[in-house]
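Text of structure_13.cif (mmCIF, C-alpha atoms) as supplied:
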data_work
#
loop_
_atom_site.group_PDB
_atom_site.id
_atom_site.type_symbol
_atom_site.label_atom_id
_atom_site.label_comp_id
_atom_site.auth_asym_id
_atom_site.auth_seq_id
_atom_site.Cartn_x
_atom_site.Cartn_y
_atom_site.Cartn_z
ATOM 1 C CA MET A 1 27.316 -97.494 66.043
ATOM 2 C CA ASN A 2 26.706 -94.517 63.773
ATOM 3 C CA ILE A 3 29.890 -92.887 62.517
ATOM 4 C CA CYS A 4 29.714 -89.426 60.990
ATOM 5 C CA VAL A 5 32.340 -88.793 58.337
ATOM 6 C CA TYR A 6 33.076 -85.262 57.150
ATOM 7 C CA SER A 7 34.909 -85.128 53.838
ATOM 8 C CA SER A 8 35.531 -83.304 50.594
ATOM 9 C CA SER A 9 32.948 -82.688 47.898
ATOM 10 C CA SER A 10 35.703 -82.143 45.326
ATOM 11 C CA ASN A 11 36.015 -84.561 42.411
ATOM 12 C CA ALA A 12 39.495 -83.239 41.633
ATOM 13 C CA VAL A 13 41.435 -84.617 44.627
ATOM 14 C CA ALA A 14 44.410 -86.983 44.361
ATOM 15 C CA ASP A 15 43.985 -90.753 44.504
ATOM 16 C CA VAL A 16 45.676 -90.944 47.919
ATOM 17 C CA TYR A 17 42.600 -89.241 49.434
ATOM 18 C CA VAL A 18 40.137 -91.346 47.443
ATOM 19 C CA ASN A 19 41.895 -94.530 48.546
ATOM 20 C CA GLU A 20 41.746 -93.445 52.193
ATOM 21 C CA ALA A 21 37.998 -92.829 51.869
ATOM 22 C CA ILE A 22 37.589 -96.311 50.395
ATOM 23 C CA ASP A 23 39.611 -97.860 53.234
ATOM 24 C CA LEU A 24 37.483 -96.098 55.846
ATOM 25 C CA ALA A 25 34.258 -97.047 54.088
ATOM 26 C CA ARG A 26 35.255 -100.714 54.039
ATOM 27 C CA LEU A 27 36.169 -100.693 57.724
ATOM 28 C CA ILE A 28 32.841 -99.098 58.642
ATOM 29 C CA GLY A 29 30.999 -101.681 56.535
ATOM 30 C CA GLN A 30 32.974 -104.654 57.872
ATOM 31 C CA SER A 31 32.162 -103.504 61.417
ATOM 32 C CA ASN A 32 28.430 -103.438 60.568
ATOM 33 C CA PHE A 33 28.285 -99.779 61.537
ATOM 34 C CA CYS A 34 26.205 -97.059 59.975
ATOM 35 C CA LEU A 35 27.768 -94.228 57.988
ATOM 36 C CA VAL A 36 26.314 -90.746 58.443
ATOM 37 C CA ASN A 37 27.491 -88.028 56.083
ATOM 38 C CA GLY A 38 26.490 -85.010 54.046
ATOM 39 C CA GLY A 39 24.626 -87.065 51.456
ATOM 40 C CA SER A 40 26.237 -85.570 48.371
ATOM 41 C CA ASN A 41 26.921 -87.351 45.088
ATOM 42 C CA VAL A 42 30.306 -85.685 44.543
ATOM 43 C CA GLY A 43 33.859 -86.056 45.838
ATOM 44 C CA LEU A 44 34.900 -88.171 48.788
ATOM 45 C CA MET A 45 31.339 -87.980 50.132
ATOM 46 C CA ASP A 46 30.113 -89.983 47.165
ATOM 47 C CA VAL A 47 33.024 -92.427 47.305
ATOM 48 C CA ILE A 48 32.568 -93.247 50.984
ATOM 49 C CA THR A 49 28.794 -93.613 50.729
ATOM 50 C CA ARG A 50 29.050 -95.978 47.771
ATOM 51 C CA GLU A 51 31.886 -98.071 49.195
ATOM 52 C CA ALA A 52 30.432 -98.274 52.715
ATOM 53 C CA GLY A 53 27.157 -99.579 51.292
ATOM 54 C CA ILE A 54 28.972 -102.159 49.165
ATOM 55 C CA SER A 55 30.881 -103.272 52.278
ATOM 56 C CA GLY A 56 27.728 -103.814 54.335
ATOM 57 C CA ALA A 57 27.175 -100.523 56.120
ATOM 58 C CA ARG A 58 23.855 -98.808 56.348
ATOM 59 C CA THR A 59 24.275 -95.257 55.019
ATOM 60 C CA ILE A 60 22.391 -92.107 55.956
ATOM 61 C CA GLY A 61 22.884 -88.877 54.054
ATOM 62 C CA VAL A 62 21.752 -85.505 55.351
ATOM 63 C CA ILE A 63 21.516 -82.858 52.650
ATOM 64 C CA PRO A 64 20.042 -79.341 52.651
ATOM 65 C CA GLU A 65 17.151 -78.618 50.283
ATOM 66 C CA LYS A 66 19.264 -76.178 48.298
ATOM 67 C CA LEU A 67 21.945 -78.766 47.505
ATOM 68 C CA ARG A 68 19.368 -81.431 46.774
ATOM 69 C CA ASP A 69 17.742 -79.030 44.324
ATOM 70 C CA PHE A 70 21.122 -78.596 42.583
ATOM 71 C CA ASN A 71 20.948 -82.333 41.813
ATOM 72 C CA LEU A 72 23.655 -83.149 44.371
ATOM 73 C CA ALA A 73 21.875 -85.839 46.435
ATOM 74 C CA SER A 74 23.544 -89.236 46.613
ATOM 75 C CA VAL A 75 21.899 -92.153 44.874
ATOM 76 C CA HIS A 76 23.913 -94.569 47.054
ATOM 77 C CA ALA A 77 22.544 -93.618 50.491
ATOM 78 C CA HIS A 78 20.072 -96.049 52.032
ATOM 79 C CA GLU A 79 18.314 -93.141 53.694
ATOM 80 C CA MET A 80 18.332 -89.487 52.678
ATOM 81 C CA ILE A 81 17.236 -86.811 55.124
ATOM 82 C CA VAL A 82 16.586 -83.369 53.646
ATOM 83 C CA SER A 83 17.210 -80.429 55.963
ATOM 84 C CA GLY A 84 16.055 -76.855 55.563
ATOM 85 C CA ASP A 85 19.566 -75.396 55.673
ATOM 86 C CA MET A 86 23.180 -76.107 56.581
ATOM 87 C CA MET A 87 22.694 -75.467 60.301
ATOM 88 C CA GLN A 88 19.882 -78.012 60.463
ATOM 89 C CA ARG A 89 21.995 -80.433 58.452
ATOM 90 C CA LYS A 90 24.870 -80.243 60.929
ATOM 91 C CA ASP A 91 22.534 -80.542 63.918
ATOM 92 C CA LYS A 92 20.909 -83.659 62.459
ATOM 93 C CA MET A 93 24.235 -85.271 61.621
ATOM 94 C CA ARG A 94 25.481 -84.702 65.180
ATOM 95 C CA GLU A 95 22.225 -85.973 66.656
ATOM 96 C CA LEU A 96 22.433 -89.209 64.649
ATOM 97 C CA SER A 97 26.117 -89.905 65.317
ATOM 98 C CA ASP A 98 28.091 -91.668 68.029
ATOM 99 C CA ALA A 99 31.541 -90.626 66.727
ATOM 100 C CA PHE A 100 33.010 -88.183 64.227
ATOM 101 C CA ILE A 101 35.803 -88.537 61.676
ATOM 102 C CA ALA A 102 37.257 -85.900 59.372
ATOM 103 C CA LEU A 103 38.850 -87.087 56.167
ATOM 104 C CA ALA A 104 40.665 -84.488 54.065
ATOM 105 C CA GLY A 105 38.342 -81.699 52.991
ATOM 106 C CA GLY A 106 37.859 -78.024 52.334
ATOM 107 C CA PHE A 107 36.138 -75.208 54.201
ATOM 108 C CA GLY A 108 32.965 -77.183 54.932
ATOM 109 C CA THR A 109 34.846 -80.155 56.390
ATOM 110 C CA LEU A 110 36.952 -77.853 58.560
ATOM 111 C CA GLU A 111 33.932 -75.936 59.764
ATOM 112 C CA GLU A 112 32.071 -79.141 60.669
ATOM 113 C CA ILE A 113 34.882 -80.882 62.543
ATOM 114 C CA LEU A 114 35.927 -77.717 64.391
ATOM 115 C CA GLU A 115 32.340 -77.139 65.490
ATOM 116 C CA VAL A 116 32.181 -80.698 66.840
ATOM 117 C CA ILE A 117 35.430 -80.112 68.762
ATOM 118 C CA THR A 118 34.144 -76.792 70.114
ATOM 119 C CA LEU A 119 30.882 -78.385 71.262
ATOM 120 C CA LYS A 120 32.846 -81.139 72.997
ATOM 121 C CA GLN A 121 35.060 -78.514 74.630
ATOM 122 C CA LEU A 122 31.930 -76.778 75.962
ATOM 123 C CA GLY A 123 30.443 -80.030 77.273
ATOM 124 C CA TYR A 124 27.601 -80.477 74.777
ATOM 125 C CA HIS A 125 28.804 -84.003 73.969
ATOM 126 C CA ASN A 126 31.607 -86.380 74.899
ATOM 127 C CA LYS A 127 31.899 -88.451 71.724
ATOM 128 C CA ALA A 128 35.045 -89.543 69.891
ATOM 129 C CA VAL A 129 36.426 -87.031 67.375
ATOM 130 C CA VAL A 130 39.132 -88.078 64.900
ATOM 131 C CA PHE A 131 41.156 -86.463 62.131
ATOM 132 C CA ILE A 132 42.600 -88.849 59.549
ATOM 133 C CA ASN A 133 45.751 -87.018 58.539
ATOM 134 C CA THR A 134 46.239 -88.599 55.118
ATOM 135 C CA ASN A 135 49.377 -87.433 53.370
ATOM 136 C CA GLY A 136 49.970 -84.866 56.163
ATOM 137 C CA PHE A 137 46.896 -82.974 54.969
ATOM 138 C CA TYR A 138 46.138 -81.424 58.375
ATOM 139 C CA ASP A 139 49.730 -80.757 59.506
ATOM 140 C CA ASP A 140 49.423 -76.973 59.147
ATOM 141 C CA LEU A 141 46.149 -76.969 61.083
ATOM 142 C CA PHE A 142 47.775 -78.881 63.918
ATOM 143 C CA ARG A 143 50.636 -76.360 63.930
ATOM 144 C CA GLN A 144 48.019 -73.633 64.355
ATOM 145 C CA PHE A 145 46.541 -75.576 67.272
ATOM 146 C CA GLU A 146 50.032 -75.722 68.839
ATOM 147 C CA LYS A 147 50.333 -71.938 68.533
ATOM 148 C CA SER A 148 46.968 -71.617 70.304
ATOM 149 C CA TYR A 149 48.235 -73.783 73.184
ATOM 150 C CA GLU A 150 51.589 -71.978 73.389
ATOM 151 C CA GLU A 151 50.004 -68.531 73.456
ATOM 152 C CA LYS A 152 47.219 -69.533 75.896
ATOM 153 C CA PHE A 153 44.302 -69.187 73.490
ATOM 154 C CA ALA A 154 43.481 -72.809 74.329
ATOM 155 C CA LYS A 155 44.408 -75.125 77.165
ATOM 156 C CA GLU A 156 47.071 -77.781 76.607
ATOM 157 C CA ASN A 157 44.744 -80.565 77.681
ATOM 158 C CA TYR A 158 42.440 -79.791 74.736
ATOM 159 C CA ARG A 159 44.678 -82.136 72.793
ATOM 160 C CA LYS A 160 42.520 -84.845 74.375
ATOM 161 C CA LEU A 161 39.375 -83.520 72.668
ATOM 162 C CA PHE A 162 40.350 -85.250 69.430
ATOM 163 C CA PHE A 163 42.665 -87.917 68.065
ATOM 164 C CA ILE A 164 45.007 -87.644 65.101
ATOM 165 C CA ALA A 165 45.101 -90.877 63.110
ATOM 166 C CA GLY A 166 47.583 -91.632 60.370
ATOM 167 C CA ASN A 167 45.096 -93.833 58.550
ATOM 168 C CA SER A 168 41.608 -95.308 58.693
ATOM 169 C CA ALA A 169 42.618 -98.383 60.676
ATOM 170 C CA GLN A 170 44.031 -96.196 63.470
ATOM 171 C CA ALA A 171 40.894 -94.059 63.429
ATOM 172 C CA MET A 172 38.576 -97.050 63.772
ATOM 173 C CA ASP A 173 40.743 -98.596 66.488
ATOM 174 C CA TYR A 174 40.545 -95.355 68.466
ATOM 175 C CA ILE A 175 36.764 -95.185 68.110
ATOM 176 C CA LEU A 176 36.282 -98.832 69.065
ATOM 177 C CA ASN A 177 38.361 -98.358 72.228
ATOM 178 C CA TYR A 178 37.218 -94.821 73.053
ATOM 179 C CA LYS A 179 36.619 -94.011 76.693
ATOM 180 C CA PRO A 180 35.133 -90.558 77.328
ATOM 181 C CA GLU A 181 37.236 -88.351 79.566
ATOM 182 C CA GLU A 182 35.955 -85.967 82.176
ATOM 183 C CA SER A 183 35.345 -82.597 80.561
ATOM 184 C CA VAL A 184 37.625 -79.718 81.428
ATOM 185 C CA ASN A 185 36.535 -76.178 82.223
ATOM 186 C CA LYS A 186 37.195 -74.200 79.051
ATOM 187 C CA TRP A 187 38.134 -70.953 80.743
ATOM 188 C CA PHE A 188 41.486 -70.144 82.325
ATOM 189 C CA ASP A 189 39.870 -67.701 84.732
ATOM 190 C CA VAL A 190 36.175 -67.136 85.264
ATOM 191 C CA PRO A 191 35.305 -63.672 86.614
ATOM 192 C CA THR A 192 33.380 -63.443 89.844
ATOM 193 C CA ARG A 193 30.489 -61.055 90.248
#
Structure translated into structure tokens:
Amino acid sequence: MNICVYSSSSNAVADVYVNEAIDLARLIGQSNFCLVNGGSNVGLMDVITREAGISGARTIGVIPEKLRDFNLASVHAHEMIVSGDMMQRKDKMRELSDAFIALAGGFGTLEEILEVITLKQLGYHNKAVVFINTNGFYDDLFRQFEKSYEEKFAKENYRKLFFIAGNSAQAMDYILNYKPEESVNKWFDVPTR
């Protein structure tokens, strides 16, 4: 199984987030799975690539030319795929992956995991999507989701599009036992012609 992990490229994050990345990397490696990620040599991306490889996982990084040219390509990835731009990078990562996990991260991580949820909502895939909510990192985001449900910007059953894990072990358990659900029509009311 290929597991895509979205995560921070910051080298300044607290140890609690680094340790969670290491835990996830080890679980992916011990399961003999393949890690797919953004292929960078900084932040949690670098940590998880290095540790997953040490733990026995095959690792595939997908990095845009521009970032590679900034000297940001991982030296730990078993395979490095260079994309033309960020859109191609995300497409390739989704194509290669059987499940998606978001560790703590910034704008890029949010954009990637929300796009995967949106594509699942629209029926483009039916793969497992997981947030690892280390240290309550995503609590405010989940409160925003609740506001969307309450005010009818999103359907209540969209909670089933993703899973909120407290740690890496819960995330992996969810993925290993994941059963795709029937997709739900996104729209509350579709106009007739």
### Query
Exactly which residues make up the result of the PyMOL selection byres ((chain A and resi 105-111) around 8) on this file, given as a PyMOL selection string?
chain A and resi 6-9+102-104+112-115
### Task
Check what the PyMOL selection byres ((chain A and resi 173-182) around 10) selects in the file above and give those residues as a list in words.
Met1, Ile3, Ser31, Asp98, Ala99, Phe100, Ile101, Gly123, His125, Asn126, Lys127, Ala128, Val129, Val130, Lys160, Leu161, Phe163, Ile164, Ala165, Ser168, Ala169, Gln170, Ala171, Met172, Ser183, Val184 and Asn185 of chain A
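The gap separating CA of Ile60 (chain A) from CA of Val36 (chain A) is 4.8 Å, in Å to one decimal.
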### Task
Identify all residues satisfying the PyMOL selection byres ((chain A and resi 64) around 7) in the given file; provide them as a PyMOL selection string.
chain A and resi 62-63+65-68+82-86+89
Near Val75 (chain A), counting all atoms listed in the file, which residues have an atom at most 10 Å away, once you skip same-chain residues fewer than 4 positions from it, shown as a CSV table (one decimal) with C-alpha atoms, in the frame of the given file?
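This is the output file result.csv:
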chain,number,residue,atom,x,y,z
A,39,GLY,CA,24.6,-87.1,51.5
A,40,SER,CA,26.2,-85.6,48.4
A,41,ASN,CA,26.9,-87.4,45.1
A,46,ASP,CA,30.1,-90.0,47.2
A,49,THR,CA,28.8,-93.6,50.7
A,50,ARG,CA,29.0,-96.0,47.8
A,61,GLY,CA,22.9,-88.9,54.1
A,79,GLU,CA,18.3,-93.1,53.7
A,80,MET,CA,18.3,-89.5,52.7
### Message
Report, in Å with one decimal, the straight-line distance from CA of His76 (chain A) to CA of Gly53 (chain A).
### Response
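According to the coordinates, CA of His76 (chain A) and CA of Gly53 (chain A) are separated by 7.3 Å.
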Could you complete region 64-76 of chain A so that it carries N, CA and C atoms, and give it back as a CSV table (one decimal), in the coordinates of the input?
chain,number,residue,atom,x,y,z
A,64,PRO,N,21.0,-80.5,52.6
A,64,PRO,CA,20.0,-79.3,52.7
A,64,PRO,C,19.2,-79.3,51.4
A,65,GLU,N,18.0,-78.7,51.5
A,65,GLU,CA,17.2,-78.6,50.3
A,65,GLU,C,17.9,-78.0,49.1
A,66,LYS,N,18.6,-76.9,49.4
A,66,LYS,CA,19.3,-76.2,48.3
A,66,LYS,C,20.2,-77.1,47.5
A,67,LEU,N,21.0,-77.9,48.2
A,67,LEU,CA,21.9,-78.8,47.5
A,67,LEU,C,21.2,-79.9,46.8
A,68,ARG,N,20.2,-80.4,47.4
A,68,ARG,CA,19.4,-81.4,46.8
A,68,ARG,C,18.8,-80.9,45.5
A,69,ASP,N,18.3,-79.6,45.5
A,69,ASP,CA,17.7,-79.0,44.3
A,69,ASP,C,18.8,-78.7,43.2
A,70,PHE,N,20.1,-78.7,43.6
A,70,PHE,CA,21.1,-78.6,42.6
A,70,PHE,C,21.5,-80.0,42.0
A,71,ASN,N,20.7,-81.0,42.3
A,71,ASN,CA,20.9,-82.3,41.8
A,71,ASN,C,22.2,-83.0,42.4
A,72,LEU,N,22.5,-82.7,43.7
A,72,LEU,CA,23.7,-83.1,44.4
A,72,LEU,C,23.4,-84.3,45.4
A,73,ALA,N,22.2,-84.8,45.5
A,73,ALA,CA,21.9,-85.8,46.4
A,73,ALA,C,22.4,-87.2,46.0
A,74,SER,N,23.0,-87.9,46.9
A,74,SER,CA,23.5,-89.2,46.6
A,74,SER,C,22.5,-90.2,46.2
A,75,VAL,N,22.8,-91.1,45.2
A,75,VAL,CA,21.9,-92.2,44.9
A,75,VAL,C,22.3,-93.4,45.6
A,76,HIS,N,23.4,-93.4,46.4
A,76,HIS,CA,23.9,-94.6,47.1
A,76,HIS,C,23.4,-94.7,48.5
